[in-house]
file query_2.pdb (PDB, N, CA and C atoms, pLDDT in the B column)
ATOM      1  N   MET F   1      10.823   1.798 -17.145  1.00 42.00           N
ATOM      2  CA  MET F   1       9.570   1.360 -17.683  1.00 42.00           C
ATOM      3  C   MET F   1       9.778   0.435 -18.875  1.00 42.00           C
ATOM      4  N   ALA F   2      10.983   0.399 -19.395  1.00 45.00           N
ATOM      5  CA  ALA F   2      11.258  -0.469 -20.533  1.00 45.00           C
ATOM      6  C   ALA F   2      10.987  -1.929 -20.201  1.00 45.00           C
ATOM      7  N   ASN F   3      11.268  -2.335 -18.956  1.00 46.00           N
ATOM      8  CA  ASN F   3      11.036  -3.719 -18.564  1.00 46.00           C
ATOM      9  C   ASN F   3       9.554  -4.076 -18.575  1.00 46.00           C
ATOM     10  N   GLU F   4       8.683  -3.114 -18.285  1.00 50.00           N
ATOM     11  CA  GLU F   4       7.252  -3.401 -18.285  1.00 50.00           C
ATOM     12  C   GLU F   4       6.746  -3.690 -19.696  1.00 50.00           C
ATOM     13  N   SER F   5       7.376  -3.088 -20.699  1.00 44.00           N
ATOM     14  CA  SER F   5       6.934  -3.341 -22.062  1.00 44.00           C
ATOM     15  C   SER F   5       7.591  -4.585 -22.654  1.00 44.00           C
ATOM     16  N   GLU F   6       8.588  -5.130 -21.976  1.00 57.00           N
ATOM     17  CA  GLU F   6       9.264  -6.344 -22.405  1.00 57.00           C
ATOM     18  C   GLU F   6       9.005  -7.440 -21.377  1.00 57.00           C
ATOM     19  N   PRO F   7       7.970  -8.250 -21.585  1.00 58.00           N
ATOM     20  CA  PRO F   7       7.560  -9.220 -20.570  1.00 58.00           C
ATOM     21  C   PRO F   7       8.606 -10.291 -20.266  1.00 58.00           C
ATOM     22  N   ASN F   8       9.587 -10.503 -21.135  1.00 68.00           N
ATOM     23  CA  ASN F   8      10.593 -11.534 -20.886  1.00 68.00           C
ATOM     24  C   ASN F   8      11.737 -11.051 -20.002  1.00 68.00           C
ATOM     25  N   GLN F   9      11.756  -9.774 -19.655  1.00 80.00           N
ATOM     26  CA  GLN F   9      12.816  -9.227 -18.829  1.00 80.00           C
ATOM     27  C   GLN F   9      12.431  -9.345 -17.352  1.00 80.00           C
ATOM     28  N   PRO F  10      13.292  -9.974 -16.542  1.00 86.00           N
ATOM     29  CA  PRO F  10      12.964 -10.082 -15.114  1.00 86.00           C
ATOM     30  C   PRO F  10      13.051  -8.731 -14.410  1.00 86.00           C
ATOM     31  N   GLN F  11      12.255  -8.588 -13.386  1.00 92.00           N
ATOM     32  CA  GLN F  11      12.286  -7.421 -12.516  1.00 92.00           C
ATOM     33  C   GLN F  11      13.134  -7.774 -11.297  1.00 92.00           C
ATOM     34  N   VAL F  12      13.800  -6.790 -10.717  1.00 94.00           N
ATOM     35  CA  VAL F  12      14.595  -7.027  -9.512  1.00 94.00           C
ATOM     36  C   VAL F  12      13.739  -6.660  -8.303  1.00 94.00           C
ATOM     37  N   TYR F  13      13.673  -7.590  -7.349  1.00 95.00           N
ATOM     38  CA  TYR F  13      12.896  -7.380  -6.131  1.00 95.00           C
ATOM     39  C   TYR F  13      13.782  -7.495  -4.904  1.00 95.00           C
ATOM     40  N   GLN F  14      13.398  -6.764  -3.860  1.00 96.00           N
ATOM     41  CA  GLN F  14      13.967  -6.940  -2.529  1.00 96.00           C
ATOM     42  C   GLN F  14      12.817  -7.371  -1.630  1.00 96.00           C
ATOM     43  N   ILE F  15      13.018  -8.514  -0.978  1.00 96.00           N
ATOM     44  CA  ILE F  15      12.009  -9.065  -0.079  1.00 96.00           C
ATOM     45  C   ILE F  15      12.621  -9.108   1.305  1.00 96.00           C
ATOM     46  N   ARG F  16      12.021  -8.387   2.232  1.00 97.00           N
ATOM     47  CA  ARG F  16      12.529  -8.314   3.609  1.00 97.00           C
ATOM     48  C   ARG F  16      11.686  -9.209   4.506  1.00 97.00           C
ATOM     49  N   ILE F  17      12.370 -10.072   5.267  1.00 97.00           N
ATOM     50  CA  ILE F  17      11.678 -10.944   6.212  1.00 97.00           C
ATOM     51  C   ILE F  17      12.302 -10.779   7.589  1.00 97.00           C
ATOM     52  N   LYS F  18      11.499 -11.040   8.607  1.00 97.00           N
ATOM     53  CA  LYS F  18      11.943 -10.927   9.999  1.00 97.00           C
ATOM     54  C   LYS F  18      12.680 -12.202  10.375  1.00 97.00           C
ATOM     55  N   GLY F  19      13.885 -12.045  10.876  1.00 95.00           N
ATOM     56  CA  GLY F  19      14.699 -13.189  11.268  1.00 95.00           C
ATOM     57  C   GLY F  19      15.803 -13.430  10.258  1.00 95.00           C
ATOM     58  N   HIS F  20      16.802 -14.173  10.673  1.00 94.00           N
ATOM     59  CA  HIS F  20      17.939 -14.465   9.802  1.00 94.00           C
ATOM     60  C   HIS F  20      17.820 -15.854   9.186  1.00 94.00           C
ATOM     61  N   LEU F  21      18.122 -15.941   7.894  1.00 90.00           N
ATOM     62  CA  LEU F  21      18.221 -17.217   7.188  1.00 90.00           C
ATOM     63  C   LEU F  21      19.680 -17.636   7.161  1.00 90.00           C
ATOM     64  N   ASP F  22      19.939 -18.915   7.308  1.00 83.00           N
ATOM     65  CA  ASP F  22      21.299 -19.430   7.174  1.00 83.00           C
ATOM     66  C   ASP F  22      21.671 -19.468   5.699  1.00 83.00           C
ATOM     67  N   ALA F  23      22.976 -19.518   5.428  1.00 77.00           N
ATOM     68  CA  ALA F  23      23.476 -19.575   4.056  1.00 77.00           C
ATOM     69  C   ALA F  23      22.976 -20.825   3.328  1.00 77.00           C
ATOM     70  N   GLN F  24      22.581 -21.862   4.067  1.00 83.00           N
ATOM     71  CA  GLN F  24      22.095 -23.101   3.453  1.00 83.00           C
ATOM     72  C   GLN F  24      20.851 -22.879   2.599  1.00 83.00           C
ATOM     73  N   TRP F  25      20.147 -21.778   2.792  1.00 86.00           N
ATOM     74  CA  TRP F  25      18.918 -21.502   2.045  1.00 86.00           C
ATOM     75  C   TRP F  25      19.182 -20.860   0.694  1.00 86.00           C
ATOM     76  N   THR F  26      20.436 -20.548   0.376  1.00 83.00           N
ATOM     77  CA  THR F  26      20.762 -19.899  -0.890  1.00 83.00           C
ATOM     78  C   THR F  26      20.252 -20.696  -2.079  1.00 83.00           C
ATOM     79  N   ASP F  27      20.425 -22.007  -2.075  1.00 86.00           N
ATOM     80  CA  ASP F  27      19.960 -22.834  -3.195  1.00 86.00           C
ATOM     81  C   ASP F  27      18.440 -22.839  -3.309  1.00 86.00           C
ATOM     82  N   TRP F  28      17.751 -22.798  -2.179  1.00 88.00           N
ATOM     83  CA  TRP F  28      16.286 -22.829  -2.190  1.00 88.00           C
ATOM     84  C   TRP F  28      15.715 -21.557  -2.796  1.00 88.00           C
ATOM     85  N   PHE F  29      16.399 -20.438  -2.548  1.00 89.00           N
ATOM     86  CA  PHE F  29      15.996 -19.156  -3.116  1.00 89.00           C
ATOM     87  C   PHE F  29      16.907 -18.837  -4.297  1.00 89.00           C
ATOM     88  N   GLU F  30      16.966 -19.759  -5.256  1.00 83.00           N
ATOM     89  CA  GLU F  30      17.887 -19.655  -6.384  1.00 83.00           C
ATOM     90  C   GLU F  30      17.822 -18.289  -7.057  1.00 83.00           C
ATOM     91  N   GLY F  31      19.003 -17.746  -7.335  1.00 80.00           N
ATOM     92  CA  GLY F  31      19.089 -16.449  -7.994  1.00 80.00           C
ATOM     93  C   GLY F  31      18.956 -15.262  -7.070  1.00 80.00           C
ATOM     94  N   MET F  32      18.629 -15.495  -5.812  1.00 92.00           N
ATOM     95  CA  MET F  32      18.461 -14.399  -4.867  1.00 92.00           C
ATOM     96  C   MET F  32      19.707 -14.287  -3.986  1.00 92.00           C
ATOM     97  N   THR F  33      20.105 -13.066  -3.703  1.00 92.00           N
ATOM     98  CA  THR F  33      21.193 -12.805  -2.772  1.00 92.00           C
ATOM     99  C   THR F  33      20.596 -12.670  -1.378  1.00 92.00           C
ATOM    100  N   ILE F  34      21.166 -13.368  -0.408  1.00 93.00           N
ATOM    101  CA  ILE F  34      20.685 -13.309   0.969  1.00 93.00           C
ATOM    102  C   ILE F  34      21.609 -12.397   1.762  1.00 93.00           C
ATOM    103  N   THR F  35      21.046 -11.306   2.294  1.00 94.00           N
ATOM    104  CA  THR F  35      21.803 -10.359   3.100  1.00 94.00           C
ATOM    105  C   THR F  35      21.222 -10.358   4.506  1.00 94.00           C
ATOM    106  N   LEU F  36      22.065 -10.652   5.496  1.00 95.00           N
ATOM    107  CA  LEU F  36      21.644 -10.614   6.894  1.00 95.00           C
ATOM    108  C   LEU F  36      21.909  -9.211   7.421  1.00 95.00           C
ATOM    109  N   GLU F  37      20.871  -8.582   7.947  1.00 95.00           N
ATOM    110  CA  GLU F  37      21.001  -7.217   8.421  1.00 95.00           C
ATOM    111  C   GLU F  37      21.149  -7.181   9.935  1.00 95.00           C
ATOM    112  N   GLY F  38      21.763  -6.117  10.425  1.00 95.00           N
ATOM    113  CA  GLY F  38      22.044  -5.962  11.847  1.00 95.00           C
ATOM    114  C   GLY F  38      20.802  -5.911  12.722  1.00 95.00           C
ATOM    115  N   ASN F  39      19.659  -5.519  12.151  1.00 96.00           N
ATOM    116  CA  ASN F  39      18.426  -5.418  12.938  1.00 96.00           C
ATOM    117  C   ASN F  39      17.695  -6.753  13.069  1.00 96.00           C
ATOM    118  N   GLY F  40      18.312  -7.832  12.539  1.00 95.00           N
ATOM    119  CA  GLY F  40      17.699  -9.149  12.645  1.00 95.00           C
ATOM    120  C   GLY F  40      16.895  -9.567  11.424  1.00 95.00           C
ATOM    121  N   ASP F  41      16.754  -8.673  10.447  1.00 97.00           N
ATOM    122  CA  ASP F  41      16.024  -9.000   9.230  1.00 97.00           C
ATOM    123  C   ASP F  41      16.938  -9.678   8.210  1.00 97.00           C
ATOM    124  N   THR F  42      16.323 -10.359   7.259  1.00 96.00           N
ATOM    125  CA  THR F  42      17.022 -10.906   6.098  1.00 96.00           C
ATOM    126  C   THR F  42      16.463 -10.220   4.871  1.00 96.00           C
ATOM    127  N   LEU F  43      17.351  -9.812   3.966  1.00 95.00           N
ATOM    128  CA  LEU F  43      16.955  -9.182   2.723  1.00 95.00           C
ATOM    129  C   LEU F  43      17.303 -10.114   1.583  1.00 95.00           C
ATOM    130  N   LEU F  44      16.284 -10.533   0.835  1.00 95.00           N
ATOM    131  CA  LEU F  44      16.476 -11.341  -0.368  1.00 95.00           C
ATOM    132  C   LEU F  44      16.393 -10.398  -1.556  1.00 95.00           C
ATOM    133  N   THR F  45      17.419 -10.377  -2.389  1.00 94.00           N
ATOM    134  CA  THR F  45      17.465  -9.476  -3.523  1.00 94.00           C
ATOM    135  C   THR F  45      17.816 -10.258  -4.775  1.00 94.00           C
ATOM    136  N   GLY F  46      17.064 -10.008  -5.851  1.00 93.00           N
ATOM    137  CA  GLY F  46      17.410 -10.669  -7.098  1.00 93.00           C
ATOM    138  C   GLY F  46      16.323 -10.561  -8.136  1.00 93.00           C
ATOM    139  N   PRO F  47      16.615 -11.129  -9.304  1.00 93.00           N
ATOM    140  CA  PRO F  47      15.660 -11.060 -10.415  1.00 93.00           C
ATOM    141  C   PRO F  47      14.496 -12.029 -10.232  1.00 93.00           C
ATOM    142  N   VAL F  48      13.325 -11.563 -10.617  1.00 94.00           N
ATOM    143  CA  VAL F  48      12.113 -12.386 -10.582  1.00 94.00           C
ATOM    144  C   VAL F  48      11.476 -12.278 -11.962  1.00 94.00           C
ATOM    145  N   ILE F  49      11.327 -13.397 -12.628  1.00 92.00           N
ATOM    146  CA  ILE F  49      10.925 -13.404 -14.036  1.00 92.00           C
ATOM    147  C   ILE F  49       9.490 -12.931 -14.265  1.00 92.00           C
ATOM    148  N   ASP F  50       8.570 -13.270 -13.336  1.00 93.00           N
ATOM    149  CA  ASP F  50       7.181 -12.862 -13.511  1.00 93.00           C
ATOM    150  C   ASP F  50       6.454 -12.960 -12.174  1.00 93.00           C
ATOM    151  N   GLN F  51       5.168 -12.609 -12.178  1.00 93.00           N
ATOM    152  CA  GLN F  51       4.398 -12.621 -10.929  1.00 93.00           C
ATOM    153  C   GLN F  51       4.259 -14.019 -10.354  1.00 93.00           C
ATOM    154  N   ALA F  52       4.156 -15.016 -11.207  1.00 95.00           N
ATOM    155  CA  ALA F  52       4.051 -16.387 -10.708  1.00 95.00           C
ATOM    156  C   ALA F  52       5.305 -16.763  -9.921  1.00 95.00           C
ATOM    157  N   ALA F  53       6.466 -16.354 -10.409  1.00 94.00           N
ATOM    158  CA  ALA F  53       7.720 -16.625  -9.697  1.00 94.00           C
ATOM    159  C   ALA F  53       7.770 -15.853  -8.380  1.00 94.00           C
ATOM    160  N   LEU F  54       7.264 -14.619  -8.378  1.00 95.00           N
ATOM    161  CA  LEU F  54       7.218 -13.826  -7.148  1.00 95.00           C
ATOM    162  C   LEU F  54       6.324 -14.500  -6.115  1.00 95.00           C
ATOM    163  N   TYR F  55       5.154 -14.965  -6.536  1.00 96.00           N
ATOM    164  CA  TYR F  55       4.256 -15.660  -5.617  1.00 96.00           C
ATOM    165  C   TYR F  55       4.897 -16.950  -5.100  1.00 96.00           C
ATOM    166  N   GLY F  56       5.679 -17.608  -5.950  1.00 95.00           N
ATOM    167  CA  GLY F  56       6.401 -18.808  -5.515  1.00 95.00           C
ATOM    168  C   GLY F  56       7.399 -18.501  -4.414  1.00 95.00           C
ATOM    169  N   LEU F  57       8.131 -17.391  -4.559  1.00 94.00           N
ATOM    170  CA  LEU F  57       9.075 -16.979  -3.506  1.00 94.00           C
ATOM    171  C   LEU F  57       8.340 -16.662  -2.209  1.00 94.00           C
ATOM    172  N   LEU F  58       7.234 -15.938  -2.330  1.00 96.00           N
ATOM    173  CA  LEU F  58       6.454 -15.585  -1.138  1.00 96.00           C
ATOM    174  C   LEU F  58       5.888 -16.833  -0.465  1.00 96.00           C
ATOM    175  N   LYS F  59       5.522 -17.830  -1.243  1.00 96.00           N
ATOM    176  CA  LYS F  59       5.026 -19.094  -0.687  1.00 96.00           C
ATOM    177  C   LYS F  59       6.130 -19.801   0.096  1.00 96.00           C
ATOM    178  N   LYS F  60       7.351 -19.779  -0.424  1.00 94.00           N
ATOM    179  CA  LYS F  60       8.481 -20.394   0.288  1.00 94.00           C
ATOM    180  C   LYS F  60       8.701 -19.710   1.630  1.00 94.00           C
ATOM    181  N   ILE F  61       8.613 -18.382   1.634  1.00 94.00           N
ATOM    182  CA  ILE F  61       8.788 -17.634   2.883  1.00 94.00           C
ATOM    183  C   ILE F  61       7.679 -17.996   3.861  1.00 94.00           C
ATOM    184  N   ARG F  62       6.460 -18.081   3.360  1.00 95.00           N
ATOM    185  CA  ARG F  62       5.333 -18.474   4.215  1.00 95.00           C
ATOM    186  C   ARG F  62       5.561 -19.863   4.797  1.00 95.00           C
ATOM    187  N   ASP F  63       6.035 -20.788   3.950  1.00 94.00           N
ATOM    188  CA  ASP F  63       6.261 -22.166   4.402  1.00 94.00           C
ATOM    189  C   ASP F  63       7.346 -22.253   5.467  1.00 94.00           C
ATOM    190  N   LEU F  64       8.285 -21.300   5.460  1.00 92.00           N
ATOM    191  CA  LEU F  64       9.315 -21.253   6.501  1.00 92.00           C
ATOM    192  C   LEU F  64       8.765 -20.708   7.813  1.00 92.00           C
ATOM    193  N   GLY F  65       7.604 -20.056   7.751  1.00 93.00           N
ATOM    194  CA  GLY F  65       7.003 -19.485   8.952  1.00 93.00           C
ATOM    195  C   GLY F  65       7.663 -18.184   9.382  1.00 93.00           C
ATOM    196  N   MET F  66       8.340 -17.522   8.447  1.00 93.00           N
ATOM    197  CA  MET F  66       9.019 -16.266   8.770  1.00 93.00           C
ATOM    198  C   MET F  66       8.123 -15.098   8.370  1.00 93.00           C
ATOM    199  N   PRO F  67       7.969 -14.103   9.259  1.00 96.00           N
ATOM    200  CA  PRO F  67       7.109 -12.966   8.944  1.00 96.00           C
ATOM    201  C   PRO F  67       7.663 -12.133   7.786  1.00 96.00           C
ATOM    202  N   LEU F  68       6.798 -11.811   6.847  1.00 96.00           N
ATOM    203  CA  LEU F  68       7.139 -10.957   5.723  1.00 96.00           C
ATOM    204  C   LEU F  68       7.049  -9.508   6.177  1.00 96.00           C
ATOM    205  N   VAL F  69       8.117  -8.729   5.943  1.00 97.00           N
ATOM    206  CA  VAL F  69       8.134  -7.327   6.343  1.00 97.00           C
ATOM    207  C   VAL F  69       7.803  -6.424   5.156  1.00 97.00           C
ATOM    208  N   ALA F  70       8.433  -6.684   3.993  1.00 97.00           N
ATOM    209  CA  ALA F  70       8.211  -5.813   2.843  1.00 97.00           C
ATOM    210  C   ALA F  70       8.612  -6.515   1.555  1.00 97.00           C
ATOM    211  N   VAL F  71       7.960  -6.120   0.466  1.00 97.00           N
ATOM    212  CA  VAL F  71       8.315  -6.568  -0.882  1.00 97.00           C
ATOM    213  C   VAL F  71       8.389  -5.315  -1.739  1.00 97.00           C
ATOM    214  N   ASN F  72       9.548  -5.074  -2.351  1.00 96.00           N
ATOM    215  CA  ASN F  72       9.735  -3.883  -3.173  1.00 96.00           C
ATOM    216  C   ASN F  72      10.412  -4.232  -4.482  1.00 96.00           C
ATOM    217  N   ARG F  73       9.895  -3.673  -5.570  1.00 95.00           N
ATOM    218  CA  ARG F  73      10.591  -3.776  -6.851  1.00 95.00           C
ATOM    219  C   ARG F  73      11.585  -2.625  -6.893  1.00 95.00           C
ATOM    220  N   VAL F  74      12.823  -2.918  -7.275  1.00 92.00           N
ATOM    221  CA  VAL F  74      13.873  -1.905  -7.280  1.00 92.00           C
ATOM    222  C   VAL F  74      14.552  -1.865  -8.643  1.00 92.00           C
ATOM    223  N   GLU F  75      15.231  -0.777  -8.898  1.00 85.00           N
ATOM    224  CA  GLU F  75      16.067  -0.670 -10.088  1.00 85.00           C
ATOM    225  C   GLU F  75      17.288  -1.542  -9.873  1.00 85.00           C
ATOM    226  N   PRO F  76      17.795  -2.217 -10.899  1.00 77.00           N
ATOM    227  CA  PRO F  76      18.971  -3.076 -10.727  1.00 77.00           C
ATOM    228  C   PRO F  76      20.154  -2.355 -10.086  1.00 77.00           C
ATOM    229  N   SER F  77      20.341  -1.076 -10.361  1.00 72.00           N
ATOM    230  CA  SER F  77      21.450  -0.329  -9.775  1.00 72.00           C
ATOM    231  C   SER F  77      21.295  -0.186  -8.258  1.00 72.00           C
ATOM    232  N   GLN F  78      20.061  -0.123  -7.753  1.00 64.00           N
ATOM    233  CA  GLN F  78      19.827  -0.039  -6.311  1.00 64.00           C
ATOM    234  C   GLN F  78      20.153  -1.362  -5.627  1.00 64.00           C
ATOM    235  N   ALA F  79      19.927  -2.460  -6.316  1.00 62.00           N
ATOM    236  CA  ALA F  79      20.159  -3.785  -5.736  1.00 62.00           C
ATOM    237  C   ALA F  79      21.640  -4.058  -5.582  1.00 62.00           C
ATOM    238  N   ASP F  80      22.486  -3.443  -6.396  1.00 55.00           N
ATOM    239  CA  ASP F  80      23.915  -3.694  -6.359  1.00 55.00           C
ATOM    240  C   ASP F  80      24.615  -3.125  -5.132  1.00 55.00           C
ATOM    241  N   VAL F  81      23.989  -2.183  -4.418  1.00 45.00           N
ATOM    242  CA  VAL F  81      24.661  -1.547  -3.290  1.00 45.00           C
ATOM    243  C   VAL F  81      24.550  -2.349  -2.001  1.00 45.00           C
ATOM    244  N   SER F  82      23.779  -3.419  -1.996  1.00 45.00           N
ATOM    245  CA  SER F  82      23.623  -4.235  -0.791  1.00 45.00           C
ATOM    246  C   SER F  82      24.922  -4.929  -0.439  1.00 45.00           C
ATOM    247  N   ASP F  83      25.166  -5.096   0.830  1.00 44.00           N
ATOM    248  CA  ASP F  83      26.361  -5.749   1.331  1.00 44.00           C
ATOM    249  C   ASP F  83      26.031  -7.213   1.602  1.00 44.00           C
ATOM    250  N   VAL F  84      26.595  -8.124   0.854  1.00 43.00           N
ATOM    251  CA  VAL F  84      26.297  -9.549   0.993  1.00 43.00           C
ATOM    252  C   VAL F  84      27.009 -10.083   2.226  1.00 43.00           C
ATOM    253  N   LYS F  85      26.251 -10.717   3.121  1.00 44.00           N
ATOM    254  CA  LYS F  85      26.826 -11.229   4.365  1.00 44.00           C
ATOM    255  C   LYS F  85      26.543 -12.698   4.572  1.00 44.00           C
ATOM    256  N   ALA F  86      25.867 -13.344   3.650  1.00 42.00           N
ATOM    257  CA  ALA F  86      25.583 -14.768   3.821  1.00 42.00           C
ATOM    258  C   ALA F  86      25.926 -15.525   2.575  1.00 42.00           C
TER     259      ALA F  86
END
call {"tool": "encode", "arguments": {"input": "query_2.pdb", "output": "structure tokens"}}
result
Amino acid sequence: MANESEPNQPQVYQIRIKGHLDAQWTDWFEGMTITLEGNGDTLLTGPVIDQAALYGLLKKIRDLGMPLVAVNRVEPSQADVSDVKA
């Protein structure tokens, strides 16, 4: 909860989308780790500075035409266990 009282601290989010993104999209989703999962989903994990930045990421996903599966805020320690594959 400390991050909620400190507005300058980014929150870590995991955004799950249906389909795989190529590694070429890493720069477009700056600061996000792209993990390709065996079930065909892509997991974007990383810090998001504020809600405007989160909406910007969601807009990029919409513009790609990829279905959004889930958006979750996670503790930074939970984000570290992901296996990077892209």
call {"tool": "atom_distance", "arguments": {"input": "query_2.pdb", "atom1": "atom C of F:Thr42", "atom2": "atom C of F:Ile17"}}
result
5.0 Å
call {"tool": "resolve_selection", "arguments": {"input": "query_2.pdb", "expression": "the PyMOL selection byres (((chain F and resi 20 and name CA) around 10) and name CA)", "output": "MDAnalysis selection string"}}
result
chainID F and resid 17:19 21:23 34:43 66 86
call {"tool": "write_last_selection", "arguments": {"input": "query_2.pdb", "atoms": "N, CA and C atoms", "output": "short mmCIF file (atom, residue, chain, number, x, y, z; two decimals), keeping the file's coordinate frame"}}
result
data_model
loop_
_atom_site.label_atom_id
_atom_site.label_comp_id
_atom_site.auth_asym_id
_atom_site.auth_seq_id
_atom_site.Cartn_x
_atom_site.Cartn_y
_atom_site.Cartn_z
N ILE F 17 12.37 -10.07 5.27
CA ILE F 17 11.68 -10.94 6.21
C ILE F 17 12.30 -10.78 7.59
N LYS F 18 11.50 -11.04 8.61
CA LYS F 18 11.94 -10.93 10.00
C LYS F 18 12.68 -12.20 10.38
N GLY F 19 13.88 -12.04 10.88
CA GLY F 19 14.70 -13.19 11.27
C GLY F 19 15.80 -13.43 10.26
N LEU F 21 18.12 -15.94 7.89
CA LEU F 21 18.22 -17.22 7.19
C LEU F 21 19.68 -17.64 7.16
N ASP F 22 19.94 -18.92 7.31
CA ASP F 22 21.30 -19.43 7.17
C ASP F 22 21.67 -19.47 5.70
N ALA F 23 22.98 -19.52 5.43
CA ALA F 23 23.48 -19.58 4.06
C ALA F 23 22.98 -20.82 3.33
N ILE F 34 21.17 -13.37 -0.41
CA ILE F 34 20.68 -13.31 0.97
C ILE F 34 21.61 -12.40 1.76
N THR F 35 21.05 -11.31 2.29
CA THR F 35 21.80 -10.36 3.10
C THR F 35 21.22 -10.36 4.51
N LEU F 36 22.06 -10.65 5.50
CA LEU F 36 21.64 -10.61 6.89
C LEU F 36 21.91 -9.21 7.42
N GLU F 37 20.87 -8.58 7.95
CA GLU F 37 21.00 -7.22 8.42
C GLU F 37 21.15 -7.18 9.94
N GLY F 38 21.76 -6.12 10.42
CA GLY F 38 22.04 -5.96 11.85
C GLY F 38 20.80 -5.91 12.72
N ASN F 39 19.66 -5.52 12.15
CA ASN F 39 18.43 -5.42 12.94
C ASN F 39 17.70 -6.75 13.07
N GLY F 40 18.31 -7.83 12.54
CA GLY F 40 17.70 -9.15 12.64
C GLY F 40 16.90 -9.57 11.42
N ASP F 41 16.75 -8.67 10.45
CA ASP F 41 16.02 -9.00 9.23
C ASP F 41 16.94 -9.68 8.21
N THR F 42 16.32 -10.36 7.26
CA THR F 42 17.02 -10.91 6.10
C THR F 42 16.46 -10.22 4.87
N LEU F 43 17.35 -9.81 3.97
CA LEU F 43 16.95 -9.18 2.72
C LEU F 43 17.30 -10.11 1.58
N MET F 66 8.34 -17.52 8.45
CA MET F 66 9.02 -16.27 8.77
C MET F 66 8.12 -15.10 8.37
N ALA F 86 25.87 -13.34 3.65
CA ALA F 86 25.58 -14.77 3.82
C ALA F 86 25.93 -15.52 2.58
#
call {"tool": "select_by_dssp", "arguments": {"input": "query_2.pdb", "residues": "stretch 29-59 of chain F", "states": "strand (DSSP E or B)", "output": "list in words"}}
result
Thr33, Ile34, Thr35, Leu36, Asp41, Thr42, Leu43, Leu44, Thr45, Gly46, Pro47 and Val48 of chain F
call {"tool": "residues_near_point", "arguments": {"input": "query_2.pdb", "point": "(10.9, -2.4, -6.3)", "cutoff": "10 Å", "atoms": "only C-alpha atoms", "output": "VMD selection string"}}
result
chain F and resid 11 to 15 71 to 76 78 to 79
call {"tool": "atom_distance", "arguments": {"input": "query_2.pdb", "atom1": "atom CA of F:Leu44", "atom2": "atom CA of F:Met32"}}
result
5.8 Å
call {"tool": "atom_distance", "arguments": {"input": "query_2.pdb", "atom1": "atom CA of F:Trp28", "atom2": "atom C of F:Arg16"}}
result
15.9 Å
call {"tool": "closest_residue", "arguments": {"input": "query_2.pdb", "among": "F:Pro47, F:Gly31, F:Gly56, F:Gly65", "to": "F:Gln9", "atoms": "only C-alpha atoms"}}
result
F:Pro47
call {"tool": "resolve_selection", "arguments": {"input": "query_2.pdb", "expression": "the PyMOL selection byres ((chain F and resi 49) around 8)", "output": "list in words"}}
result
Pro7, Asn8, Gln9, Pro10, Gln11, Val12, Gly46, Pro47, Val48, Asp50, Gln51, Ala52, Ala53 and Leu54 of chain F
call {"tool": "select_by_dssp", "arguments": {"input": "query_2.pdb", "residues": "chain F", "states": "alpha helix (DSSP H)", "output": "ChimeraX atom specification"}}
result
/F:2-5,51-64,76-79
